[in-house]
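Below you'll find the structure, written out as structure tokens, and then a few comments.
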Amino acid sequence: MIYGPDASKCPIKKQVLNAGKEPLIDYCDEMKIFFHFLTTTEDGTVIDDSRKYNKPMEITLGHKFKLDCWESCLKTMRLGEIAKFSVDKDLISVYPAVSKQIRDYYKNQMKPHKHGDDDDHEHHHCCGFMALEQGLGHEDLDKIMRNPQPLNFTFEMLQVLRPGEFEKDTYLLNDEEKTRQIPELKLAGNNLYNAAKYDEAAGKYGQALQFFEELMLKEKPNDVEWRELDLQRRPLLLNFVQCQLKLGDFYSAIEHSTTVIDSDSSNTKARYRRAKAHVGVWNVEEAKKDYNYLLSNIKDDDNLRILVQNELQQLLQAEHDKYKEDKSRLSGKLFT
């Protein structure tokens, strides 16, 4: 594709700007490539430049990156090489959409991260017709999308890692690899929790729960395999809930403890932790329901029964005090 007898008709033309010193690599699927890229129009207008983000681009070969021509170009390069590739417009019709995804990725990477904050992760999808109609939110990309044109891509090859030399991105893992990583993530989460690193622990538990969700989606709900996976994930859900209680994320704690209760209504840990989360957001009636359920169903754990009785009594007292305070405040307003 890059080299041919008639260079003028070749859809990709390569110009070496700085030859690398290493021998040409025998590229294969599952290699991870790190590189900087500069995208320009034929008149030299800069569209994208990875260097302004201080973080190189990376792709794993063989996983259907949306710009096939990029993989073809990169596979011709040596380590340290800098080369410019002029690519025909017919090969890069999807570039505006890919560029938007890359820009969103870099923008999210530059934000301060807080576990569980969905706003830190933007998810956009629209079909080609909607994109043409509504635009991509970037004037330069909208222009290229409506008027396709050849583009120049200047790549600098920084690093190539062979399979086994790096930890796979989670989206590249197969089911067997996900299953193998779940207990490792749980152990790492336990160690982080014991070190009072609750946010990091929640991240480990959350990743393991994501694997469970992906595995369960492939099974029919309530079939034997699905129920076995559901049973295995409950301890992780409870650990995640405990982290959320420590972090004060009570709504998340309510949501995930409810997931356990929906599958196992008699789970006392889930009921107790949900009750505490309801107290945290002052869902008084819901908290009382969970506490009273526990008092009616705890049979062989006197310590838990005493703990629940004490916390329920504290809640009732707090509710009474708040009622008196609100009544006094209202009375004061009526007679001022």
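Each chain in the structure tokens gets a letter, A, B and so on, in the order shown; residues start at 1 in every chain, and ligands are counted from 1 in the order they appear.
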Cut-off 8 Å: closest segment 56-109 of chain A/segment 41-52 of chain A atom pairs per residue, using only C-alpha atoms, as JSON lines:
{"residue": "A:Pro56", "atom": "CA", "partner": "A:Ser50", "partner_atom": "CA", "distance": 6.1}
{"residue": "A:Met57", "atom": "CA", "partner": "A:Ser50", "partner_atom": "CA", "distance": 6.9}
{"residue": "A:Ser99", "atom": "CA", "partner": "A:Asp48", "partner_atom": "CA", "distance": 7.7}
Using only C-alpha atoms, which protein or nucleic acid residues come within 8 Å of segment 151-158 of chain A? Drop anything in the same chain fewer than 3 positions from it, and give the result as a PyMOL selection string. chain A and resi 33-42+74+77-89
For Gly206 of chain A, work out the shell of residues within 9 Å, counting only C-alpha atoms and skipping chain neighbours fewer than 6 positions away, then give it as a ChimeraX atom specification. /A:236-237,240
Include N, CA and C atoms and write out the residues we just selected as a tab-separated table (two decimals), in the first residue's frame.
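So the final result, stored in selection-v9.tsv, reads:
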chain	number	residue	atom	x	y	z
A	236	LEU	N	-17.55	-9.21	46.92
A	236	LEU	CA	-16.94	-8.01	46.35
A	236	LEU	C	-17.89	-6.82	46.41
A	237	LEU	N	-19.16	-7.05	46.16
A	237	LEU	CA	-20.14	-5.97	46.28
A	237	LEU	C	-20.16	-5.43	47.71
A	240	PHE	N	-17.07	-3.40	48.34
A	240	PHE	CA	-17.19	-2.11	47.65
A	240	PHE	C	-18.11	-1.18	48.45
What is the atom CA of Glu200 of chain A to atom CA of Thr258 of chain A distance in Å?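 One can read the atom CA of Glu200 of chain A to atom CA of Thr258 of chain A distance as 22.5 Å.
Relative to atom CA of Thr60 of chain A, atom CA of Leu24 of chain A is found at 17.9 Å.
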Spatial neighbours of Arg162 of chain A, 10 Å, only C-alpha atoms, chain gap at least 3 places, as a list in words: Tyr27, Cys28, Asp29, Glu30, Met31, Lys32, Ile33, Thr60, Glu165 and Phe166 of chain A
Would you output that residue set with N, CA and C atoms, as a CSV table (one decimal), in the first residue's frame?
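As a result, result21.csv now contains:
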chain,number,residue,atom,x,y,z
A,27,TYR,N,6.9,-6.9,13.4
A,27,TYR,CA,5.7,-6.5,14.1
A,27,TYR,C,4.7,-7.7,14.1
A,28,CYS,N,3.9,-7.9,15.1
A,28,CYS,CA,2.9,-8.9,15.2
A,28,CYS,C,1.7,-8.4,16.1
A,29,ASP,N,0.6,-9.1,16.0
A,29,ASP,CA,-0.6,-8.8,16.8
A,29,ASP,C,-0.2,-8.9,18.3
A,30,GLU,N,-0.9,-8.1,19.1
A,30,GLU,CA,-0.7,-8.0,20.5
A,30,GLU,C,0.5,-7.2,21.0
A,31,MET,N,1.3,-6.6,20.0
A,31,MET,CA,2.3,-5.7,20.4
A,31,MET,C,1.7,-4.3,20.7
A,32,LYS,N,2.2,-3.6,21.7
A,32,LYS,CA,1.7,-2.3,22.0
A,32,LYS,C,2.8,-1.3,21.5
A,33,ILE,N,2.3,-0.3,20.8
A,33,ILE,CA,3.1,0.7,20.2
A,33,ILE,C,2.8,2.1,20.8
A,60,THR,N,-2.7,-1.1,20.5
A,60,THR,CA,-2.3,-2.5,20.5
A,60,THR,C,-2.6,-3.1,19.2
A,165,GLU,N,5.2,-8.3,27.8
A,165,GLU,CA,6.1,-7.2,28.4
A,165,GLU,C,5.2,-6.1,29.0
A,166,PHE,N,3.9,-6.2,29.0
A,166,PHE,CA,3.1,-5.1,29.6
A,166,PHE,C,1.8,-5.8,30.0
Mind giving me the straight-line distance from atom CA of Lys168 of chain A to atom CA of Glu58 of chain A in Å, one decimal?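 Atom CA of Glu58 of chain A lies 12.1 Å from atom CA of Lys168 of chain A.
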Would you kindly return, as a compact mmCIF listing (two decimals) with all heavy atoms, in the first residue's frame, each protein, DNA or RNA residue with an atom no farther than 9 Å from any atom of segment 243-255 of chain A, considering only C-alpha atoms and excluding same-chain residues fewer than 5 positions away?
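Just written: result-v5.txt:
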# COMPACT_ATOMS: atom_id res chain seq x y z
N GLY A 116 -15.69 6.90 40.89
CA GLY A 116 -17.14 6.89 40.96
C GLY A 116 -17.79 8.14 40.40
O GLY A 116 -19.01 8.23 40.37
N TYR A 193 -7.61 -1.59 51.53
CA TYR A 193 -8.59 -1.23 52.56
C TYR A 193 -7.95 -1.29 53.94
O TYR A 193 -8.15 -0.40 54.77
CB TYR A 193 -9.79 -2.18 52.49
CG TYR A 193 -10.87 -1.83 53.50
CD1 TYR A 193 -11.87 -0.91 53.18
CD2 TYR A 193 -10.87 -2.38 54.77
CE1 TYR A 193 -12.84 -0.56 54.11
CE2 TYR A 193 -11.84 -2.04 55.71
CZ TYR A 193 -12.82 -1.13 55.37
OH TYR A 193 -13.78 -0.78 56.30
N TYR A 198 -9.09 3.82 51.04
CA TYR A 198 -10.42 3.36 50.66
C TYR A 198 -10.77 3.65 49.21
O TYR A 198 -11.44 2.85 48.55
CB TYR A 198 -11.46 4.00 51.59
CG TYR A 198 -11.18 3.74 53.05
CD1 TYR A 198 -10.98 4.80 53.95
CD2 TYR A 198 -11.07 2.44 53.54
CE1 TYR A 198 -10.71 4.56 55.28
CE2 TYR A 198 -10.79 2.20 54.88
CZ TYR A 198 -10.61 3.26 55.74
OH TYR A 198 -10.33 3.03 57.07
N ASP A 199 -10.34 4.78 48.69
CA ASP A 199 -10.65 5.12 47.29
C ASP A 199 -9.95 4.15 46.34
O ASP A 199 -10.55 3.67 45.37
CB ASP A 199 -10.24 6.56 47.00
CG ASP A 199 -10.79 7.05 45.67
OD1 ASP A 199 -11.96 6.76 45.38
OD2 ASP A 199 -10.06 7.70 44.92
N ALA A 201 -8.90 1.14 47.12
CA ALA A 201 -9.51 -0.18 47.33
C ALA A 201 -10.80 -0.29 46.53
O ALA A 201 -11.06 -1.31 45.87
CB ALA A 201 -9.78 -0.41 48.81
N ALA A 202 -11.61 0.77 46.57
CA ALA A 202 -12.86 0.77 45.80
C ALA A 202 -12.59 0.61 44.31
O ALA A 202 -13.36 -0.04 43.60
CB ALA A 202 -13.64 2.06 46.06
N LEU A 238 -20.12 -6.33 48.69
CA LEU A 238 -20.14 -5.91 50.09
C LEU A 238 -18.87 -5.14 50.45
O LEU A 238 -18.91 -4.16 51.20
CB LEU A 238 -20.32 -7.12 51.00
CG LEU A 238 -21.70 -7.79 50.93
CD1 LEU A 238 -21.69 -9.12 51.67
CD2 LEU A 238 -22.77 -6.87 51.49
N ARG A 273 -25.38 -2.63 56.17
CA ARG A 273 -24.65 -1.56 55.50
C ARG A 273 -25.59 -0.62 54.74
O ARG A 273 -25.35 0.60 54.67
CB ARG A 273 -23.56 -2.14 54.60
CG ARG A 273 -22.48 -2.82 55.41
CD ARG A 273 -21.42 -3.53 54.59
NE ARG A 273 -20.53 -4.29 55.48
CZ ARG A 273 -19.53 -5.04 55.08
NH1 ARG A 273 -19.26 -5.16 53.80
NH2 ARG A 273 -18.80 -5.70 55.99
N ARG A 274 -26.67 -1.19 54.22
CA ARG A 274 -27.64 -0.30 53.57
C ARG A 274 -28.34 0.58 54.59
O ARG A 274 -28.61 1.77 54.32
CB ARG A 274 -28.68 -1.12 52.78
CG ARG A 274 -29.57 -0.22 51.92
CD ARG A 274 -30.46 -1.01 51.00
NE ARG A 274 -31.56 -1.68 51.71
CZ ARG A 274 -32.55 -2.32 51.10
NH1 ARG A 274 -32.57 -2.38 49.77
NH2 ARG A 274 -33.50 -2.91 51.80
N ALA A 275 -28.64 0.03 55.77
CA ALA A 275 -29.26 0.84 56.83
C ALA A 275 -28.36 2.02 57.18
O ALA A 275 -28.84 3.17 57.32
CB ALA A 275 -29.52 -0.02 58.06
N LYS A 276 -27.06 1.77 57.34
CA LYS A 276 -26.13 2.85 57.68
C LYS A 276 -26.07 3.89 56.55
O LYS A 276 -25.97 5.10 56.82
CB LYS A 276 -24.73 2.27 57.95
CG LYS A 276 -24.65 1.44 59.23
CD LYS A 276 -23.25 0.95 59.49
CE LYS A 276 -22.32 2.06 59.93
NZ LYS A 276 -22.67 2.59 61.25
N ALA A 277 -26.11 3.43 55.30
CA ALA A 277 -26.10 4.36 54.18
C ALA A 277 -27.37 5.21 54.16
O ALA A 277 -27.33 6.41 53.89
CB ALA A 277 -25.93 3.60 52.87
N HIS A 278 -28.51 4.59 54.45
CA HIS A 278 -29.77 5.36 54.52
C HIS A 278 -29.69 6.42 55.61
O HIS A 278 -30.17 7.55 55.43
CB HIS A 278 -30.94 4.41 54.79
CG HIS A 278 -31.47 3.73 53.56
ND1 HIS A 278 -31.80 4.41 52.41
CD2 HIS A 278 -31.74 2.41 53.32
CE1 HIS A 278 -32.25 3.55 51.50
NE2 HIS A 278 -32.22 2.33 52.03
N VAL A 279 -29.10 6.08 56.74
CA VAL A 279 -28.91 7.07 57.80
C VAL A 279 -28.04 8.21 57.29
O VAL A 279 -28.29 9.39 57.58
CB VAL A 279 -28.29 6.43 59.05
CG1 VAL A 279 -27.92 7.50 60.08
CG2 VAL A 279 -29.24 5.41 59.68
N GLY A 280 -27.02 7.86 56.52
CA GLY A 280 -26.08 8.87 56.02
C GLY A 280 -26.73 9.92 55.15
O GLY A 280 -26.26 11.06 55.09
N VAL A 281 -27.82 9.54 54.44
CA VAL A 281 -28.53 10.52 53.60
C VAL A 281 -29.90 10.86 54.20
O VAL A 281 -30.75 11.44 53.54
CB VAL A 281 -28.70 10.00 52.15
CG1 VAL A 281 -27.35 9.90 51.46
CG2 VAL A 281 -29.40 8.64 52.12
Using only C-alpha atoms, which protein or nucleic acid residues come within 9 Å of segment 215-220 of chain A? Drop anything in the same chain fewer than 3 positions from it, and give the result as a compact mmCIF listing (two decimals) with all heavy atoms, in the first residue's frame.
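Saved to out_26.txt:
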# COMPACT_ATOMS: atom_id res chain seq x y z
N ASP A 175 -12.25 -13.76 28.46
CA ASP A 175 -12.99 -14.19 29.66
C ASP A 175 -12.11 -14.93 30.65
O ASP A 175 -12.23 -14.75 31.87
CB ASP A 175 -14.17 -15.08 29.25
CG ASP A 175 -15.26 -14.30 28.53
OD1 ASP A 175 -15.17 -13.05 28.52
OD2 ASP A 175 -16.19 -14.93 28.00
N LYS A 178 -9.98 -12.40 32.52
CA LYS A 178 -10.79 -11.65 33.49
C LYS A 178 -11.06 -12.50 34.73
O LYS A 178 -10.93 -12.02 35.86
CB LYS A 178 -12.11 -11.22 32.85
CG LYS A 178 -11.97 -10.16 31.77
CD LYS A 178 -13.31 -9.90 31.10
CE LYS A 178 -13.14 -8.91 29.95
NZ LYS A 178 -14.40 -8.70 29.21
N THR A 179 -11.43 -13.77 34.50
CA THR A 179 -11.71 -14.67 35.62
C THR A 179 -10.47 -14.85 36.50
O THR A 179 -10.57 -14.89 37.73
CB THR A 179 -12.18 -16.04 35.09
OG1 THR A 179 -13.36 -15.85 34.29
CG2 THR A 179 -12.50 -16.99 36.23
N GLN A 210 -16.72 -5.01 37.51
CA GLN A 210 -16.93 -4.78 36.08
C GLN A 210 -16.69 -6.06 35.30
O GLN A 210 -17.44 -6.40 34.38
CB GLN A 210 -16.00 -3.67 35.58
CG GLN A 210 -16.13 -3.38 34.09
CD GLN A 210 -17.49 -2.86 33.71
OE1 GLN A 210 -18.10 -2.11 34.46
NE2 GLN A 210 -17.99 -3.26 32.55
N PHE A 211 -15.65 -6.82 35.68
CA PHE A 211 -15.40 -8.10 35.04
C PHE A 211 -16.57 -9.06 35.25
O PHE A 211 -16.99 -9.76 34.32
CB PHE A 211 -14.10 -8.72 35.57
CG PHE A 211 -12.85 -8.05 35.09
CD1 PHE A 211 -11.64 -8.24 35.76
CD2 PHE A 211 -12.85 -7.23 33.98
CE1 PHE A 211 -10.47 -7.63 35.32
CE2 PHE A 211 -11.70 -6.60 33.52
CZ PHE A 211 -10.51 -6.80 34.20
N PHE A 212 -17.08 -9.10 36.49
CA PHE A 212 -18.23 -9.96 36.76
C PHE A 212 -19.42 -9.57 35.88
O PHE A 212 -20.11 -10.44 35.32
CB PHE A 212 -18.63 -9.87 38.24
CG PHE A 212 -17.98 -10.90 39.10
CD1 PHE A 212 -17.16 -10.53 40.16
CD2 PHE A 212 -18.20 -12.26 38.88
CE1 PHE A 212 -16.57 -11.48 40.98
CE2 PHE A 212 -17.60 -13.22 39.69
CZ PHE A 212 -16.78 -12.83 40.74
N ASP A 223 -29.76 -18.69 35.07
CA ASP A 223 -29.22 -20.01 34.75
C ASP A 223 -28.15 -20.39 35.77
O ASP A 223 -27.69 -19.54 36.55
CB ASP A 223 -28.63 -20.03 33.34
CG ASP A 223 -29.69 -20.39 32.29
OD1 ASP A 223 -30.86 -20.53 32.68
OD2 ASP A 223 -29.33 -20.51 31.10
N VAL A 224 -27.74 -21.65 35.76
CA VAL A 224 -26.77 -22.13 36.75
C VAL A 224 -25.50 -21.30 36.71
O VAL A 224 -24.99 -20.86 37.76
CB VAL A 224 -26.44 -23.62 36.51
CG1 VAL A 224 -25.33 -24.07 37.44
CG2 VAL A 224 -27.68 -24.48 36.71
N GLU A 225 -24.95 -21.05 35.52
CA GLU A 225 -23.68 -20.30 35.41
C GLU A 225 -23.86 -18.87 35.90
O GLU A 225 -22.97 -18.32 36.57
CB GLU A 225 -23.19 -20.31 33.95
CG GLU A 225 -22.77 -21.66 33.43
CD GLU A 225 -23.95 -22.52 32.98
OE1 GLU A 225 -25.11 -22.02 33.01
OE2 GLU A 225 -23.72 -23.68 32.59
N TRP A 226 -24.99 -18.25 35.56
CA TRP A 226 -25.25 -16.88 35.98
C TRP A 226 -25.36 -16.80 37.50
O TRP A 226 -24.80 -15.89 38.13
CB TRP A 226 -26.54 -16.39 35.33
CG TRP A 226 -26.81 -14.92 35.52
CD1 TRP A 226 -26.48 -13.90 34.68
CD2 TRP A 226 -27.48 -14.31 36.65
NE1 TRP A 226 -26.90 -12.70 35.19
CE2 TRP A 226 -27.52 -12.92 36.41
CE3 TRP A 226 -28.05 -14.81 37.82
CZ2 TRP A 226 -28.09 -12.02 37.29
CZ3 TRP A 226 -28.62 -13.91 38.70
CH2 TRP A 226 -28.66 -12.53 38.45
N ARG A 227 -26.07 -17.74 38.11
CA ARG A 227 -26.24 -17.73 39.57
C ARG A 227 -24.91 -17.97 40.28
O ARG A 227 -24.66 -17.38 41.34
CB ARG A 227 -27.26 -18.80 40.00
CG ARG A 227 -28.69 -18.46 39.61
CD ARG A 227 -29.70 -19.23 40.46
NE ARG A 227 -29.47 -20.67 40.36
CZ ARG A 227 -30.05 -21.47 39.46
NH1 ARG A 227 -30.88 -20.94 38.56
NH2 ARG A 227 -29.83 -22.76 39.46
N LEU A 229 -21.92 -17.05 39.17
CA LEU A 229 -21.18 -15.79 39.09
C LEU A 229 -21.76 -14.76 40.07
O LEU A 229 -21.02 -14.02 40.72
CB LEU A 229 -21.22 -15.24 37.66
CG LEU A 229 -20.39 -16.00 36.62
CD1 LEU A 229 -20.75 -15.53 35.21
CD2 LEU A 229 -18.90 -15.80 36.88
N ASP A 230 -23.09 -14.71 40.16
CA ASP A 230 -23.74 -13.78 41.08
C ASP A 230 -23.34 -14.07 42.52
O ASP A 230 -23.09 -13.15 43.31
CB ASP A 230 -25.26 -13.89 40.92
CG ASP A 230 -26.00 -12.93 41.84
OD1 ASP A 230 -25.68 -11.73 41.83
OD2 ASP A 230 -26.89 -13.38 42.57
Quick one: DSSP strand (DSSP E) residues in segment 102-308 of chain A, as a PDB file with N, CA, C and O atoms, in the first residue's frame?
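In the end it all went to selection.pdb:
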ATOM      1  N   LEU A 151      -4.810  13.957   4.210  1.00  0.00           N
ATOM      2  CA  LEU A 151      -4.165  14.469   5.413  1.00  0.00           C
ATOM      3  C   LEU A 151      -2.757  13.912   5.519  1.00  0.00           C
ATOM      4  O   LEU A 151      -2.453  12.836   4.984  1.00  0.00           O
ATOM      5  N   ASN A 152      -1.915  14.655   6.220  1.00  0.00           N
ATOM      6  CA  ASN A 152      -0.550  14.202   6.501  1.00  0.00           C
ATOM      7  C   ASN A 152      -0.465  13.803   7.972  1.00  0.00           C
ATOM      8  O   ASN A 152      -0.934  14.538   8.850  1.00  0.00           O
ATOM      9  N   PHE A 153       0.132  12.650   8.221  1.00  0.00           N
ATOM     10  CA  PHE A 153       0.356  12.172   9.584  1.00  0.00           C
ATOM     11  C   PHE A 153       1.858  12.015   9.801  1.00  0.00           C
ATOM     12  O   PHE A 153       2.512  11.227   9.105  1.00  0.00           O
ATOM     13  N   THR A 154       2.386  12.765  10.754  1.00  0.00           N
ATOM     14  CA  THR A 154       3.796  12.638  11.093  1.00  0.00           C
ATOM     15  C   THR A 154       3.900  11.859  12.398  1.00  0.00           C
ATOM     16  O   THR A 154       3.387  12.298  13.435  1.00  0.00           O
ATOM     17  N   PHE A 155       4.547  10.702  12.335  1.00  0.00           N
ATOM     18  CA  PHE A 155       4.678   9.818  13.495  1.00  0.00           C
ATOM     19  C   PHE A 155       6.113   9.794  13.999  1.00  0.00           C
ATOM     20  O   PHE A 155       7.060   9.830  13.206  1.00  0.00           O
ATOM     21  N   GLU A 156       6.270   9.734  15.315  1.00  0.00           N
ATOM     22  CA  GLU A 156       7.572   9.455  15.935  1.00  0.00           C
ATOM     23  C   GLU A 156       7.424   8.185  16.762  1.00  0.00           C
ATOM     24  O   GLU A 156       6.656   8.145  17.719  1.00  0.00           O
ATOM     25  N   MET A 157       8.150   7.134  16.379  1.00  0.00           N
ATOM     26  CA  MET A 157       8.059   5.851  17.065  1.00  0.00           C
ATOM     27  C   MET A 157       8.885   5.900  18.350  1.00  0.00           C
ATOM     28  O   MET A 157      10.104   6.063  18.325  1.00  0.00           O
ATOM     29  N   LEU A 158       8.210   5.763  19.501  1.00  0.00           N
ATOM     30  CA  LEU A 158       8.871   5.919  20.791  1.00  0.00           C
ATOM     31  C   LEU A 158       9.223   4.592  21.457  1.00  0.00           C
ATOM     32  O   LEU A 158      10.312   4.430  22.000  1.00  0.00           O
ATOM     33  N   GLN A 159       8.291   3.652  21.436  1.00  0.00           N
ATOM     34  CA  GLN A 159       8.501   2.400  22.178  1.00  0.00           C
ATOM     35  C   GLN A 159       7.608   1.322  21.596  1.00  0.00           C
ATOM     36  O   GLN A 159       6.477   1.584  21.175  1.00  0.00           O
ATOM     37  N   VAL A 160       8.124   0.103  21.597  1.00  0.00           N
ATOM     38  CA  VAL A 160       7.336  -1.055  21.170  1.00  0.00           C
ATOM     39  C   VAL A 160       7.494  -2.137  22.228  1.00  0.00           C
ATOM     40  O   VAL A 160       8.608  -2.517  22.588  1.00  0.00           O
ATOM     41  N   LEU A 161       6.358  -2.601  22.758  1.00  0.00           N
ATOM     42  CA  LEU A 161       6.377  -3.659  23.761  1.00  0.00           C
ATOM     43  C   LEU A 161       5.786  -4.926  23.159  1.00  0.00           C
ATOM     44  O   LEU A 161       4.728  -4.893  22.523  1.00  0.00           O
TER      45      LEU A 161
END
From the options A:Leu67, A:Ala270, A:Leu185, A:Leu136, which residue's atoms come nearest to Gln242 of chain A, counting only C-alpha atoms? A:Ala270
Would you please extract all helix (DSSP H, G or I) residues from segment 70-313 of chain A, as assigned by DSSP on the backbone, and give them as number ranges by chain? A: 70-74, 89-91, 95-110, 118-120, 128-134, 139-146, 170-172, 175-194, 198-216, 224-247, 250-263, 268-280, 284-297, 302-313
If you count only C-alpha atoms, which residues fall within 7 Å of segment 290-295 of chain A, apart from same-chain ones fewer than 4 positions away, as a VMD selection string? chain A and resid 268 271 to 272 275 286 305 308 312
